[in-house]
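The next block is start-v3.txt, given as compact mmCIF, C-alpha atoms and all ligand atoms.
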```txt
# COMPACT_ATOMS: atom_id res chain seq x y z
CA MET A 1 0.00 0.00 0.00
CA ARG A 2 1.32 3.42 -0.93
CA ILE A 3 -0.07 6.65 0.52
CA PHE A 4 0.53 10.18 -0.74
CA SER A 5 -0.76 13.57 0.30
CA GLY A 6 0.25 17.20 -0.04
CA ILE A 7 -0.23 20.20 2.20
CA GLN A 8 0.30 23.89 1.42
CA PRO A 9 2.84 25.93 3.34
CA THR A 10 0.34 28.76 3.59
CA GLY A 11 -0.80 30.53 6.72
CA ARG A 12 -0.99 28.84 10.05
CA LYS A 13 -2.38 25.32 10.00
CA HIS A 14 -5.77 25.08 11.68
CA LEU A 15 -7.91 22.48 13.41
CA GLY A 16 -9.59 21.54 10.09
CA ASN A 17 -6.19 20.80 8.51
CA TYR A 18 -5.21 18.84 11.60
CA ILE A 19 -8.31 16.65 11.86
CA GLY A 20 -9.06 16.39 8.13
CA ALA A 21 -5.51 15.79 6.96
CA ILE A 22 -2.49 15.85 9.30
CA ARG A 23 -3.84 13.32 11.77
CA GLN A 24 -4.66 11.01 8.90
CA TYR A 25 -1.09 11.35 7.62
CA VAL A 26 0.26 10.05 10.91
CA ASP A 27 -2.20 7.19 10.83
CA GLY A 28 -1.23 6.49 7.20
CA GLN A 29 2.46 6.42 8.12
CA GLN A 30 1.71 3.79 10.79
CA ARG A 31 -0.49 1.68 8.52
CA ALA A 32 2.08 1.81 5.74
CA ALA A 33 4.86 0.76 8.14
CA LEU A 34 2.78 -2.17 9.44
CA GLY A 35 1.80 -3.36 5.97
CA GLY A 36 5.25 -2.96 4.38
CA GLY A 37 4.00 0.02 2.34
CA LEU A 38 5.23 3.55 1.89
CA ALA A 39 3.82 6.90 3.03
CA ILE A 40 4.87 10.02 1.13
CA PHE A 41 4.04 13.60 2.16
CA CYS A 42 4.77 16.71 0.18
CA ILE A 43 4.83 20.36 1.22
CA VAL A 44 3.36 21.88 -1.90
CA ASP A 45 5.08 25.25 -2.21
CA LEU A 46 4.34 25.41 -5.96
CA HIS A 47 0.64 25.31 -5.21
CA ALA A 48 1.01 28.13 -2.72
CA ILE A 49 2.29 30.55 -5.39
CA THR A 50 -0.98 30.38 -7.36
CA VAL A 51 -2.46 33.14 -5.17
CA ALA A 52 -0.89 36.40 -3.94
CA TYR A 53 1.99 35.63 -1.55
CA ASP A 54 5.21 36.95 -0.06
CA PRO A 55 8.37 35.05 -1.21
CA ALA A 56 10.31 35.39 2.07
CA GLU A 57 7.27 34.32 4.05
CA LEU A 58 6.73 31.29 1.80
CA ARG A 59 10.14 29.94 2.75
CA GLN A 60 9.48 30.44 6.45
CA ARG A 61 6.03 28.84 6.17
CA THR A 62 7.60 25.84 4.47
CA TYR A 63 9.79 25.24 7.53
CA ASP A 64 6.82 25.97 9.82
CA THR A 65 4.77 23.32 8.02
CA ALA A 66 7.58 20.76 8.02
CA ALA A 67 8.11 21.31 11.76
CA LEU A 68 4.39 21.03 12.44
CA LEU A 69 4.07 17.76 10.53
CA ILE A 70 7.02 16.28 12.42
CA ALA A 71 5.64 17.57 15.73
CA ALA A 72 2.30 15.94 14.87
CA GLY A 73 4.03 12.57 14.47
CA LEU A 74 5.50 12.24 10.98
CA ASP A 75 8.94 10.71 11.19
CA PRO A 76 11.17 11.48 8.18
CA ALA A 77 12.97 8.19 8.88
CA SER A 78 9.72 6.22 8.44
CA CYS A 79 8.05 8.20 5.67
CA ILE A 80 9.17 10.41 2.79
CA LEU A 81 8.65 14.07 3.64
CA PHE A 82 9.77 16.62 1.05
CA ARG A 83 9.20 19.98 -0.65
CA GLN A 84 7.41 19.92 -3.98
CA SER A 85 9.76 22.34 -5.77
CA ASP A 86 12.72 20.01 -5.10
CA VAL A 87 11.20 17.40 -7.43
CA PRO A 88 11.03 18.85 -10.96
CA GLU A 89 9.67 15.53 -12.25
CA GLN A 90 6.29 16.53 -10.80
CA THR A 91 6.12 19.77 -12.75
CA GLU A 92 7.13 18.09 -15.99
CA LEU A 93 4.50 15.41 -15.42
CA CYS A 94 1.98 18.19 -14.86
CA TRP A 95 2.60 19.49 -18.39
CA LEU A 96 2.42 16.01 -19.92
CA LEU A 97 -0.85 15.27 -18.12
CA ALA A 98 -2.30 18.57 -19.32
CA SER A 99 -2.69 16.91 -22.71
CA VAL A 100 -5.24 14.46 -21.27
CA THR A 101 -7.03 16.98 -19.03
CA ALA A 102 -10.26 18.55 -20.28
CA HIS A 103 -10.44 22.33 -20.06
CA GLY A 104 -14.16 21.93 -19.29
CA ASP A 105 -13.35 19.77 -16.25
CA LEU A 106 -10.98 22.40 -14.85
CA ASN A 107 -13.72 24.99 -15.39
CA ARG A 108 -16.03 23.00 -13.12
CA MET A 109 -13.68 22.91 -10.11
CA HIS A 110 -15.35 24.49 -7.05
CA GLN A 111 -12.03 25.50 -5.52
CA PHE A 112 -11.07 27.52 -8.59
CA LYS A 113 -14.44 29.27 -8.59
CA GLU A 114 -14.26 30.07 -4.89
CA LYS A 115 -10.62 31.16 -4.81
CA SER A 116 -10.74 33.17 -8.03
CA GLU A 117 -13.52 35.28 -6.52
CA THR A 118 -11.27 36.31 -3.64
CA GLN A 119 -8.24 37.34 -5.77
CA ARG A 120 -8.11 41.11 -5.95
CA GLU A 121 -5.34 41.81 -8.46
CA LEU A 122 -4.89 38.71 -10.57
CA VAL A 123 -6.61 35.40 -11.11
CA SER A 124 -3.53 33.44 -12.17
CA ALA A 125 -3.48 30.70 -14.79
CA GLY A 126 -1.69 28.70 -12.08
CA LEU A 127 -4.82 28.76 -9.95
CA PHE A 128 -6.79 27.33 -12.86
CA PHE A 129 -4.11 24.70 -13.48
CA TYR A 130 -3.79 23.78 -9.78
CA PRO A 131 -5.69 20.45 -10.09
CA VAL A 132 -3.42 19.25 -12.92
CA LEU A 133 -0.31 19.83 -10.81
CA GLN A 134 -2.08 18.13 -7.91
CA ALA A 135 -2.83 15.16 -10.19
CA ALA A 136 0.84 15.03 -11.20
CA ASP A 137 1.91 15.17 -7.53
CA VAL A 138 -0.13 12.10 -6.70
CA LEU A 139 0.18 10.12 -9.94
CA ALA A 140 3.99 10.51 -9.98
CA TYR A 141 4.12 8.18 -6.97
CA ARG A 142 1.65 5.55 -8.24
CA CYS A 143 -0.03 5.59 -4.87
CA ASP A 144 -3.23 3.81 -3.87
CA GLU A 145 -4.58 6.20 -1.29
CA VAL A 146 -4.76 9.95 -0.75
CA PRO A 147 -5.77 11.17 2.74
CA VAL A 148 -7.59 14.53 2.40
CA GLY A 149 -10.49 16.55 3.79
CA GLU A 150 -13.88 16.66 2.08
CA ASP A 151 -13.02 19.85 0.12
CA GLN A 152 -10.52 17.88 -1.98
CA ARG A 153 -13.00 15.20 -3.15
CA GLN A 154 -13.57 16.83 -6.54
CA HIS A 155 -9.83 17.19 -7.22
CA ILE A 156 -9.23 13.52 -6.43
CA GLU A 157 -12.05 12.51 -8.76
CA LEU A 158 -10.45 14.61 -11.49
CA MET A 159 -7.05 12.99 -11.00
CA ARG A 160 -8.69 9.56 -11.29
CA ASP A 161 -10.21 10.66 -14.61
CA ILE A 162 -6.81 11.94 -15.76
CA ALA A 163 -5.11 8.64 -14.88
CA GLU A 164 -7.80 6.62 -16.63
CA ARG A 165 -7.74 8.84 -19.71
CA PHE A 166 -3.94 8.61 -19.85
CA ASN A 167 -3.96 4.81 -19.57
CA ALA A 168 -6.69 4.50 -22.23
CA ARG A 169 -4.85 6.84 -24.64
CA PHE A 170 -1.22 5.82 -24.06
CA GLY A 171 -1.17 2.70 -21.86
CA ASP A 172 -1.44 0.12 -24.65
CA GLY A 173 -3.34 -2.17 -22.27
CA ARG A 174 -1.10 -1.35 -19.28
CA GLU A 175 -2.00 0.57 -16.14
CA LEU A 176 0.90 3.01 -16.38
CA LEU A 177 -0.71 5.38 -13.93
CA ILE A 178 -2.64 4.22 -10.89
CA SER A 179 -6.05 5.72 -10.17
CA PRO A 180 -5.91 6.46 -6.43
CA GLU A 181 -8.71 6.32 -3.84
CA HIS A 182 -9.35 9.28 -1.58
CA ARG A 183 -9.36 8.64 2.14
CA ILE A 184 -11.72 11.17 3.67
CA PRO A 185 -12.27 10.75 7.43
CA GLU A 186 -15.77 9.69 8.53
CA VAL A 187 -15.79 12.30 11.27
CA GLY A 188 -14.22 15.74 10.89
CA ALA A 189 -13.91 15.76 7.09
CA ARG A 190 -15.21 19.32 7.00
CA ILE A 191 -14.65 21.32 10.17
CA MET A 192 -16.61 24.57 10.02
CA ASP A 193 -15.67 28.09 11.11
CA LEU A 194 -16.71 28.66 14.74
CA GLN A 195 -18.14 32.08 13.97
CA ASP A 196 -19.72 31.13 10.65
CA PRO A 197 -20.66 27.44 10.75
CA GLU A 198 -22.00 27.65 7.18
CA SER A 199 -18.38 28.05 5.92
CA LYS A 200 -15.47 25.67 6.33
CA MET A 201 -12.62 26.56 8.64
CA SER A 202 -10.05 27.84 6.19
CA THR A 203 -6.69 29.56 5.84
CA THR A 204 -7.59 32.16 3.25
CA ALA A 205 -11.13 33.00 4.28
CA ALA A 206 -10.26 32.80 7.97
CA SER A 207 -11.95 34.78 10.68
CA GLU A 208 -9.41 34.90 13.50
CA GLU A 209 -12.07 34.24 16.14
CA GLY A 210 -13.68 31.41 14.19
CA THR A 211 -10.44 29.52 13.52
CA ILE A 212 -8.50 27.41 15.99
CA TYR A 213 -4.85 27.16 15.02
CA VAL A 214 -2.87 24.05 15.92
CA LEU A 215 -0.35 26.23 17.76
CA ASP A 216 -2.89 28.35 19.69
CA GLU A 217 -2.29 28.53 23.45
CA PRO A 218 -4.86 26.63 25.55
CA GLU A 219 -6.36 29.87 26.93
CA LEU A 220 -6.96 31.16 23.43
CA ILE A 221 -8.56 27.88 22.34
CA LYS A 222 -10.88 28.11 25.33
CA ARG A 223 -11.82 31.69 24.52
CA LYS A 224 -12.54 30.98 20.85
CA LEU A 225 -14.68 27.97 21.73
CA ASN A 226 -16.55 29.90 24.42
CA ARG A 227 -17.54 32.42 21.78
CA ALA A 228 -18.47 29.82 19.15
CA VAL A 229 -21.82 30.46 17.49
CA THR A 230 -24.54 28.00 18.56
CA ASP A 231 -28.26 28.85 18.36
CA SER A 232 -31.07 30.28 20.44
CA ASP A 233 -33.04 27.05 21.05
CA ASP A 234 -34.73 27.28 24.43
CA PRO A 235 -34.19 24.91 26.13
CA PRO A 236 -30.80 24.32 24.46
CA ARG A 237 -30.66 21.06 22.49
CA ILE A 238 -27.32 19.30 22.05
CA ALA A 239 -27.86 17.18 18.94
CA CYS A 240 -26.66 16.76 15.37
CA ASP A 241 -29.18 18.43 13.13
CA PRO A 242 -28.73 20.17 9.74
CA ASP A 243 -30.66 23.15 11.17
CA LYS A 244 -28.21 23.42 14.08
CA ARG A 245 -24.96 24.01 12.20
CA GLY A 246 -22.98 25.51 15.07
CA VAL A 247 -23.90 22.80 17.60
CA THR A 248 -23.38 20.05 15.01
CA ASN A 249 -19.91 21.42 14.22
CA LEU A 250 -18.95 21.42 17.91
CA LEU A 251 -20.18 17.83 18.28
CA GLU A 252 -18.23 16.84 15.17
CA ILE A 253 -15.04 18.38 16.62
CA LEU A 254 -15.61 16.67 19.97
CA ALA A 255 -16.25 13.35 18.25
CA ALA A 256 -13.15 13.68 16.05
CA CYS A 257 -10.96 14.43 19.09
CA LYS A 258 -12.32 11.45 21.04
CA ALA A 259 -12.56 9.03 18.10
CA ILE A 260 -16.29 8.46 18.62
CA SER A 261 -19.33 9.33 16.49
CA PRO A 262 -21.05 12.75 16.77
CA ASP A 263 -24.20 11.02 18.09
CA GLU A 264 -22.13 9.30 20.78
CA ALA A 265 -20.61 12.68 21.65
CA ALA A 266 -24.14 14.11 22.00
CA ALA A 267 -25.20 11.14 24.16
CA GLU A 268 -22.24 11.76 26.51
CA LEU A 269 -23.63 15.26 27.06
CA ALA A 270 -27.17 14.12 27.84
CA ASP A 271 -26.95 15.66 31.34
CA ALA A 272 -25.43 18.95 30.19
CA ARG A 273 -27.11 22.12 31.44
CA GLY A 274 -26.58 24.04 28.23
CA TYR A 275 -24.23 24.96 25.42
CA GLY A 276 -21.63 26.13 27.96
CA ASP A 277 -21.07 22.50 28.99
CA LEU A 278 -20.73 21.46 25.35
CA LYS A 279 -18.18 24.21 24.73
CA SER A 280 -16.08 23.25 27.76
CA ALA A 281 -16.12 19.59 26.76
CA VAL A 282 -14.92 20.55 23.28
CA SER A 283 -12.23 22.89 24.72
CA ASP A 284 -10.86 20.17 26.99
CA ALA A 285 -10.74 17.64 24.17
CA VAL A 286 -9.11 20.01 21.64
CA ILE A 287 -6.52 21.24 24.15
CA GLU A 288 -5.65 17.69 25.14
CA MET A 289 -5.24 16.69 21.49
CA LEU A 290 -3.15 19.70 20.40
CA ALA A 291 -0.99 20.36 23.48
CA PRO A 292 1.66 17.69 22.74
CA VAL A 293 2.02 18.95 19.16
CA ARG A 294 2.52 22.55 20.32
CA GLU A 295 5.05 21.45 22.93
CA ARG A 296 7.16 19.48 20.44
CA TYR A 297 6.89 22.11 17.71
CA GLU A 298 9.09 24.83 19.27
CA LEU A 299 12.11 22.55 19.58
CA ILE A 300 11.78 21.14 16.06
CA ARG A 301 11.16 24.52 14.43
CA ALA A 302 14.23 26.05 16.11
CA ASP A 303 16.63 23.94 14.03
CA GLU A 304 16.05 25.21 10.51
CA GLN A 305 19.17 23.53 9.17
CA ALA A 306 18.01 20.13 10.34
CA LEU A 307 14.62 20.75 8.72
CA GLU A 308 16.26 21.77 5.44
CA GLU A 309 18.50 18.69 5.44
CA SER A 310 15.56 16.47 6.19
CA LEU A 311 13.49 17.94 3.32
CA LEU A 312 16.40 17.52 0.88
CA ARG A 313 16.89 13.90 1.93
CA GLY A 314 13.17 13.32 1.41
CA ALA A 315 13.35 14.91 -2.05
CA GLU A 316 16.15 12.56 -3.09
CA GLN A 317 14.01 9.55 -2.19
CA ALA A 318 10.94 11.08 -3.86
CA ARG A 319 12.81 11.87 -7.09
CA GLU A 320 13.84 8.26 -7.51
CA ILE A 321 10.19 7.17 -7.57
CA ALA A 322 8.90 10.11 -9.61
CA ALA A 323 11.69 9.79 -12.21
CA ALA A 324 10.71 6.18 -12.93
CA THR A 325 7.07 7.16 -13.51
CA LEU A 326 8.08 10.11 -15.66
CA ALA A 327 10.34 7.91 -17.81
CA ASP A 328 7.41 5.54 -18.46
CA VAL A 329 5.07 8.43 -19.26
CA ARG A 330 7.56 10.10 -21.63
CA SER A 331 8.22 6.84 -23.38
CA ALA A 332 4.50 6.04 -23.77
CA MET A 333 3.81 9.52 -25.10
CA GLY A 334 6.68 9.50 -27.58
CA VAL A 335 8.39 12.42 -25.87
CA GLY A 336 12.21 12.59 -25.96
CA PRO A 337 14.64 9.92 -27.17
CA VAL A 338 13.74 6.23 -27.10
CA GLY A 339 14.22 5.14 -23.46
N1 LIG A 401 -12.11 22.81 7.40
C1 LIG A 401 -11.50 21.68 7.07
N2 LIG A 401 -11.92 20.50 7.60
C2 LIG A 401 -11.30 19.33 7.29
N3 LIG A 401 -10.23 19.26 6.46
C3 LIG A 401 -9.76 20.42 5.92
N4 LIG A 401 -8.72 20.70 5.09
C4 LIG A 401 -8.69 22.03 4.86
N5 LIG A 401 -9.68 22.64 5.53
C5 LIG A 401 -10.37 21.67 6.20
C6 LIG A 401 -7.79 19.71 4.55
O1 LIG A 401 -6.48 20.11 4.93
C7 LIG A 401 -5.57 19.59 3.96
C8 LIG A 401 -4.49 20.57 3.69
O2 LIG A 401 -5.02 21.74 3.18
P1 LIG A 401 -4.05 22.72 2.42
O3 LIG A 401 -3.42 23.63 3.36
O4 LIG A 401 -3.14 22.01 1.55
O5 LIG A 401 -5.06 23.32 1.45
P2 LIG A 401 -6.13 24.37 1.61
O6 LIG A 401 -7.34 23.91 0.88
O7 LIG A 401 -5.49 25.60 1.14
O8 LIG A 401 -6.43 24.46 3.18
P3 LIG A 401 -7.31 25.54 3.81
O9 LIG A 401 -6.75 25.78 5.13
O10 LIG A 401 -8.73 25.17 3.77
O11 LIG A 401 -7.06 26.82 2.95
P4 LIG A 401 -7.97 27.53 1.89
O12 LIG A 401 -8.33 28.78 2.55
O13 LIG A 401 -7.03 27.71 0.76
O14 LIG A 401 -9.13 26.66 1.52
C9 LIG A 401 -6.39 19.18 2.73
O15 LIG A 401 -6.42 17.76 2.69
C10 LIG A 401 -7.77 19.71 3.03
O16 LIG A 401 -8.78 18.86 2.51
```

In structure tokens, what does this structure look like?
Ligand code: AQP
Amino acid sequence: MRIFSGIQPTGRKHLGNYIGAIRQYVDGQQRAALGGGLAIFCIVDLHAITVAYDPAELRQRTYDTAALLIAAGLDPASCILFRQSDVPEQTELCWLLASVTAHGDLNRMHQFKEKSETQRELVSAGLFFYPVLQAADVLAYRCDEVPVGEDQRQHIELMRDIAERFNARFGDGRELLISPEHRIPEVGARIMDLQDPESKMSTTAASEEGTIYVLDEPELIKRKLNRAVTDSDDPPRIACDPDKRGVTNLLEILAACKAISPDEAAAELADARGYGDLKSAVSDAVIEMLAPVRERYELIRADEQALEESLLRGAEQAREIAAATLADVRSAMGVGPVG
């Protein structure tokens, strides 16, 4: 079994990233180790440049993200952890795969529609092309499984179409590229903003008060959760219900932290006096889950040279795999000399 996922070095990573993705990475690393497989994680700096950004900050955020992933439990000795721009095979594969990607499919991508609306000065062609590079990232490693949050479902479906179209057009009966499965968690696949539970917790559209960052101090986590939007039901009703978005989101977070279902989380609060009890239960669970990560982070982040060396070592391992895929793709497409 081979697992691959990518994460952007943008902004500060939040609870949605942690529950929807990072925690799954650590689980994937363990499952791969147990089953003799391989887990590969990429810090996708080339995706981050598709929207307005600051170059010096990008480099710092790349180290921040690497340190956070290691603090969360990724071990560069057990998995491959690297920076996307260190593996040019992925960008070349992106161009080759563009020839089997439908323009109309890219036009339908929700993320492009949403993000292009928020760009003030320029909607870059890179933003439009983002899903093709993402397909190349994953397909370069011929992986079986991609752990992601719910918002990435459409992109994974597109990369499956790209792989299938490539195999049908150039594979000559062979499965040169593997169509991967997404692994979206059952609970916590879409954590919502605490102040606006109709919108997902997000880096770019973040409201500071509605977003819990992985590195937030416990007091701040408590304060943000205390102010989370619930509803005015009287008496208060702690239950999962599409009409109770705020309460449902809090139950989902509680359930994700405790590895139970949201209904079980609601049942545990059957004797609660009101939403205050729900909020404190969620605070306790989130603080308990994130505290060890925050504690380890400072030490790991302080040694930038060690992080850089670790990313470069990861890139060497990644390039070996990606180069083999690229050679097969070039050869099948008739690009370059006979291999
Ligand atoms: N709210 C969320 N709930 C669950 N999972 C989430 N993810 C993102 N938001 C939530 C998952 O986190 C992974 C890494 O995301 P990323 O940083 O690579 O990409 P992103 O889409 O830019 O993340 P953000 O924070 O949500 O930023 P914007 O504002 O750009 O949308 C992905 O697997 C994603 O599914």

Tell me which protein, DNA and RNA residues are within 12 Å of Asp303 in chain A, counting all atoms listed in the file, leaving out same-chain ones fewer than 5 positions away, and put them as a PyMOL selection string. chain A and resi 63-64+66-67+297-298+308-310

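For the atom pair formed by CA of Gln30 in chain A and CA of Ser78 in chain A, the distance is 8.7 Å, given to one decimal.
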
For range 142-145 of chain A, find every residue with an atom within 8 Å (counting only C-alpha atoms), except residues of its own chain fewer than 4 positions away, and show them as a PDB file with C-alpha atoms, in the frame of the given file.
```pdb
ATOM      1  CA  MET A   1       0.000   0.000   0.000  1.00  0.00           C
ATOM      2  CA  ARG A   2       1.320   3.420  -0.930  1.00  0.00           C
ATOM      3  CA  ILE A   3      -0.070   6.650   0.520  1.00  0.00           C
ATOM      4  CA  PHE A   4       0.530  10.180  -0.740  1.00  0.00           C
ATOM      5  CA  VAL A 138      -0.130  12.100  -6.700  1.00  0.00           C
ATOM      6  CA  LEU A 177      -0.710   5.380 -13.930  1.00  0.00           C
ATOM      7  CA  ILE A 178      -2.640   4.220 -10.890  1.00  0.00           C
ATOM      8  CA  SER A 179      -6.050   5.720 -10.170  1.00  0.00           C
ATOM      9  CA  PRO A 180      -5.910   6.460  -6.430  1.00  0.00           C
ATOM     10  CA  GLU A 181      -8.710   6.320  -3.840  1.00  0.00           C
ATOM     11  CA  HIS A 182      -9.350   9.280  -1.580  1.00  0.00           C
ATOM     12  CA  ARG A 183      -9.360   8.640   2.140  1.00  0.00           C
ATOM     13  CA  THR A 325       7.070   7.160 -13.510  1.00  0.00           C
TER      14      THR A 325
END
```

Pairwise distance for CA of Ala315 in chain A and CA of Ile7 in chain A, rounded to one decimal in Å: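 Between these atoms lies a distance of 15.2 Å.
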
Given a cut-off of 8 Å, what residues near ligand LIG 401 (chain A) show up using all atoms listed in the file, put as a count of residues only? 41

Nearest candidate to Leu215 in chain A (options A:Gly35, A:Gly246, A:Gly276, A:Pro292; using all atoms listed in the file):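 Checking each candidate against Leu215 in chain A, we get A:Pro292 as the closest.
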
Selection as a PDB file with C-alpha atoms, in the coordinates of the input: residues within 9 Å of (-10.6, 26.4, -15.4), counting only C-alpha atoms:
```pdb
ATOM      1  CA  HIS A 103     -10.440  22.330 -20.060  1.00  0.00           C
ATOM      2  CA  GLY A 104     -14.160  21.930 -19.290  1.00  0.00           C
ATOM      3  CA  ASP A 105     -13.350  19.770 -16.250  1.00  0.00           C
ATOM      4  CA  LEU A 106     -10.980  22.400 -14.850  1.00  0.00           C
ATOM      5  CA  ASN A 107     -13.720  24.990 -15.390  1.00  0.00           C
ATOM      6  CA  ARG A 108     -16.030  23.000 -13.120  1.00  0.00           C
ATOM      7  CA  MET A 109     -13.680  22.910 -10.110  1.00  0.00           C
ATOM      8  CA  PHE A 112     -11.070  27.520  -8.590  1.00  0.00           C
ATOM      9  CA  LYS A 113     -14.440  29.270  -8.590  1.00  0.00           C
ATOM     10  CA  ALA A 125      -3.480  30.700 -14.790  1.00  0.00           C
ATOM     11  CA  LEU A 127      -4.820  28.760  -9.950  1.00  0.00           C
ATOM     12  CA  PHE A 128      -6.790  27.330 -12.860  1.00  0.00           C
ATOM     13  CA  PHE A 129      -4.110  24.700 -13.480  1.00  0.00           C
TER      14      PHE A 129
END
```

All file atoms of range 254-270 of chain A boxed axis-aligned, 8 Å per side, centre plus edges, as JSON:
```
{"center_x": -19.1, "center_y": 12.6, "center_z": 21.9, "size_x": 32.2, "size_y": 24.2, "size_z": 27.8}
```

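In terms of minimum interatomic distance to Thr50 in chain A, A:Leu122 ranks closest within A:Leu97, A:Ala306, A:Leu122, A:Leu269, counting only C-alpha atoms.
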
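Counting all atoms listed in the file, the residue from A:Ala52, A:Ala267, A:Val214, A:Ala98 that sits nearest to Ile238 in chain A is A:Ala267.
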